[in-house]
Amino acid sequence: MTASSDHPITTPPRAPSPVHGFGTLAVHAGSPHDPATGAVIEAISLSTTFAQTAVGKPVGEFEYSRSSNPNRANFEKMVAALEHAKYALAYSSGSATTANILQSLAAGSHVISVSDVYGGTHRYFTQVAKAHGVKVTFTPEIEVDIRDHITDATKLVWIETPSNPTLRLVDIRAVATAAHERGILVVVDNTFLSPYVQNPLDHGADIVVHSVTKYINGHSDVVMGVAAFNSDELYARLSFLQNAIGAVPSAFDSWLAHRGAKTLHLRAREATTNATAIAHALEASPLVISVNYPGLESHPHRAIALKQHRNGMGGGMLSFRIHGGHAAAEKFCQYTKIFTLAESLGGVESLCEIPSSMTHAGIPKAQREAVGIFDDLVRISCGVEDAEDLKADVLQALERAVADAANGVSNGVNGTH
Ligand SMILES: *Cc1c(COP(=O)(O)O)cnc(C)c1O
């Protein structure tokens, strides 16, 4: 596939069309050759402003870099192609993306959200949205009781599937059907699976959002977010706010994230292969209480995974309960040699963390445990290292951690990080 170099940058080059597969789109969508130099990789356009030939007549399609710039526009085109969307808008973080969408609601609006949303989303819903008069109701079983929660003020439904950190799945089509009966928009946070594994718009969602910080960039070196959707009306509302609020990514970050996304399909496949191998090893271990991984036949929502995920893939994230309580969980994260103890996910390197005392520490214990976030739960983000190495690392850390907990060895020594 060649993008012709005789097109000015303002007109789309021969764009890959939706008939092309994911990998072709990831590599080529929004990636025109530079019309002036033929450069195969776009330049990083640091200019904040763009010349005009007459008042209101910019040379190209750009005027001022907050409103739009070449690197961001190209990144947005690529994400739109990967999410089967007409439009995508990029933001300075996943959290800024959430904030922009919530800001688009009129004061007095009501939102229904799944209970186990990302911590920062929960914080925005409960501590920021209410300041401009938006009320959020949380439900642990949204497919079951969404109709009971809908009021005349309900404007938005917020789903995360898989949920964090228990990897529960939501049937997007079932929720969208109930919401659309009442003209309510459905947003899906697709961060945990990436567009390679799941495309929520194909299952009836109106907006899909990502923390680009995770799989889309994939190299743990950019904080960024994106929303993708098909409606012209949503484009008008959200692009207005993107510019008016100004929480936009830099040209450099847009360029880096675009570069990262070109290998998303390779990374997502490898992460799934690795997570699947580890999930099976954990499930077979007597040192483990339970494993949460949507790629396992034992997962309670496996049927949804088969319906919503590419080839029923489970993605790169999993969590498990270790025997020996919180002490063993903490030891496990200290004894791994390849997995790094750290928050975040979706990078090429494998990470582990303890939700109850790290990512989800802000949630009261009773509320946490009600959704399965016990003190002995360990969350793993599988990178793209070799499956055998990762599996061996998990098993040796498991042995040592559980043995220590049984022997009452205290924490804080022998940490490898
Ligand atoms: C990280 C994350 C966010 C927030 O994104 P930032 O880029 O950190 O602001 C939102 N949702 C999920 C599921 C995430 O993992």
# chains A, B, ... in the order shown; residues from 1 in each chain; ligands from 1
>>> residues_near_ligand(ligand="ligand 1", cutoff="6 Å", atoms="only C-alpha atoms and all ligand atoms", output="tab-separated table (two decimals) with N, CA, C and O atoms, in the first residue's frame")
chain	number	residue	atom	x	y	z
A	93	SER	N	-4.95	13.36	28.54
A	93	SER	CA	-4.92	12.13	29.35
A	93	SER	C	-6.25	11.41	29.19
A	93	SER	O	-7.22	12.00	28.68
A	94	GLY	N	-6.29	10.17	29.65
A	94	GLY	CA	-7.57	9.47	29.68
A	94	GLY	C	-8.55	10.21	30.57
A	94	GLY	O	-9.74	10.34	30.26
A	95	SER	N	-8.05	10.74	31.67
A	95	SER	CA	-8.90	11.46	32.62
A	95	SER	C	-9.48	12.73	32.00
A	95	SER	O	-10.65	13.07	32.23
A	118	TYR	N	-12.63	2.61	36.71
A	118	TYR	CA	-11.28	3.09	37.02
A	118	TYR	C	-11.37	4.10	38.17
A	118	TYR	O	-12.29	4.93	38.21
A	191	THR	N	-10.02	0.80	27.50
A	191	THR	CA	-8.58	0.86	27.78
A	191	THR	C	-7.97	-0.53	27.98
A	191	THR	O	-6.87	-0.81	27.49
A	192	PHE	N	-8.66	-1.40	28.75
A	192	PHE	CA	-8.07	-2.68	29.14
A	192	PHE	C	-7.88	-3.65	27.97
A	192	PHE	O	-7.06	-4.56	28.07
A	211	SER	N	-7.60	5.36	27.71
A	211	SER	CA	-6.40	5.97	28.22
A	211	SER	C	-5.31	5.48	27.26
A	211	SER	O	-4.89	4.32	27.31
A	213	THR	N	-2.41	6.20	27.32
A	213	THR	CA	-1.27	5.91	28.20
A	213	THR	C	-0.97	4.42	28.27
A	213	THR	O	0.17	4.02	28.49
A	223	VAL	N	1.43	10.09	28.49
A	223	VAL	CA	0.10	10.17	29.13
A	223	VAL	C	-0.81	10.87	28.14
A	223	VAL	O	-0.54	12.00	27.73
A	224	MET	N	-1.89	10.19	27.74
A	224	MET	CA	-2.76	10.74	26.71
A	224	MET	C	-4.08	9.99	26.69
A	224	MET	O	-4.17	8.88	27.21
A	225	GLY	N	-5.12	10.61	26.12
A	225	GLY	CA	-6.42	9.94	26.03
A	225	GLY	C	-7.06	10.18	24.68
A	225	GLY	O	-6.62	11.06	23.92
>>> select_by_dssp(residues="region 251-296 of chain A", states="alpha helix (DSSP H)", output="PyMOL selection string")
chain A and resi 251-261+264-283
>>> write_last_selection(atoms="C-alpha atoms", output="compact mmCIF listing (two decimals), in the first residue's frame")
# COMPACT_ATOMS: atom_id res chain seq x y z
CA ALA A 251 2.51 17.30 19.05
CA PHE A 252 5.39 15.21 20.41
CA ASP A 253 3.12 13.00 22.53
CA SER A 254 0.72 12.59 19.60
CA TRP A 255 3.64 11.54 17.40
CA LEU A 256 4.97 9.08 20.00
CA ALA A 257 1.54 7.55 20.62
CA HIS A 258 0.98 7.21 16.88
CA ARG A 259 4.32 5.45 16.51
CA GLY A 260 3.44 3.14 19.41
CA ALA A 261 0.04 2.28 17.95
CA LEU A 264 -0.63 -2.44 18.67
CA HIS A 265 -1.83 -5.63 16.96
CA LEU A 266 1.54 -7.36 17.54
CA ARG A 267 1.72 -6.27 21.17
CA ALA A 268 -1.91 -7.07 21.96
CA ARG A 269 -1.58 -10.57 20.50
CA GLU A 270 1.62 -11.26 22.41
CA ALA A 271 0.18 -9.89 25.67
CA THR A 272 -2.83 -12.18 25.26
CA THR A 273 -0.59 -15.18 24.57
CA ASN A 274 1.40 -14.42 27.71
CA ALA A 275 -1.62 -13.73 29.92
CA THR A 276 -3.27 -16.94 28.73
CA ALA A 277 -0.19 -19.01 29.61
CA ILE A 278 0.06 -17.38 33.05
CA ALA A 279 -3.67 -17.67 33.74
CA HIS A 280 -3.57 -21.41 33.05
CA ALA A 281 -0.48 -21.86 35.25
CA LEU A 282 -2.10 -19.91 38.09
CA GLU A 283 -5.38 -21.78 37.76
>>> select_by_dssp(residues="region 271-329 of chain A", states="strand (DSSP E)", output="number ranges by chain")
A: 288-292, 317-322
>>> residues_around(residues="region 353-357 of chain A", least_positions_apart="5", cutoff="9 Å", atoms="only C-alpha atoms", output="ChimeraX atom specification")
/A:165,326,329-330,333,340-344,362-363,365,368,373-381
>>> residues_around(residues="Leu193 (chain A)", least_positions_apart="3", cutoff="9 Å", atoms="only C-alpha atoms", output="number ranges by chain")
A: 161-162, 190, 196-198, 215, 268, 309, 314-317, 346
>>> residues_around(residues="region 75-84 of chain A", least_positions_apart="2", cutoff="8 Å", atoms="only C-alpha atoms", output="ChimeraX atom specification")
/A:18,22,25-26,28-31,71-73,86-90,195-196,199-202,208,226,228-229,254-255,257-258
>>> closest_residue(among="A:Val222, A:Leu306, A:Leu238, A:Ala85", to="Asp206 (chain A)", atoms="only C-alpha atoms")
A:Ala85
>>> residues_around(residues="Ala51 (chain A)", least_positions_apart="4", cutoff="9 Å", atoms="only C-alpha atoms", output="PyMOL selection string")
chain A and resi 57-60+62-63
>>> residues_around(residues="region 99-102 of chain A", least_positions_apart="3", cutoff="8 Å", atoms="only C-alpha atoms", output="PyMOL selection string")
chain A and resi 95-96+105+124+129+238+241-242+245
>>> closest_residue(among="A:Arg147, A:Lys135, A:Gln334, A:Val402", to="Thr177 (chain A)", atoms="only C-alpha atoms")
A:Arg147
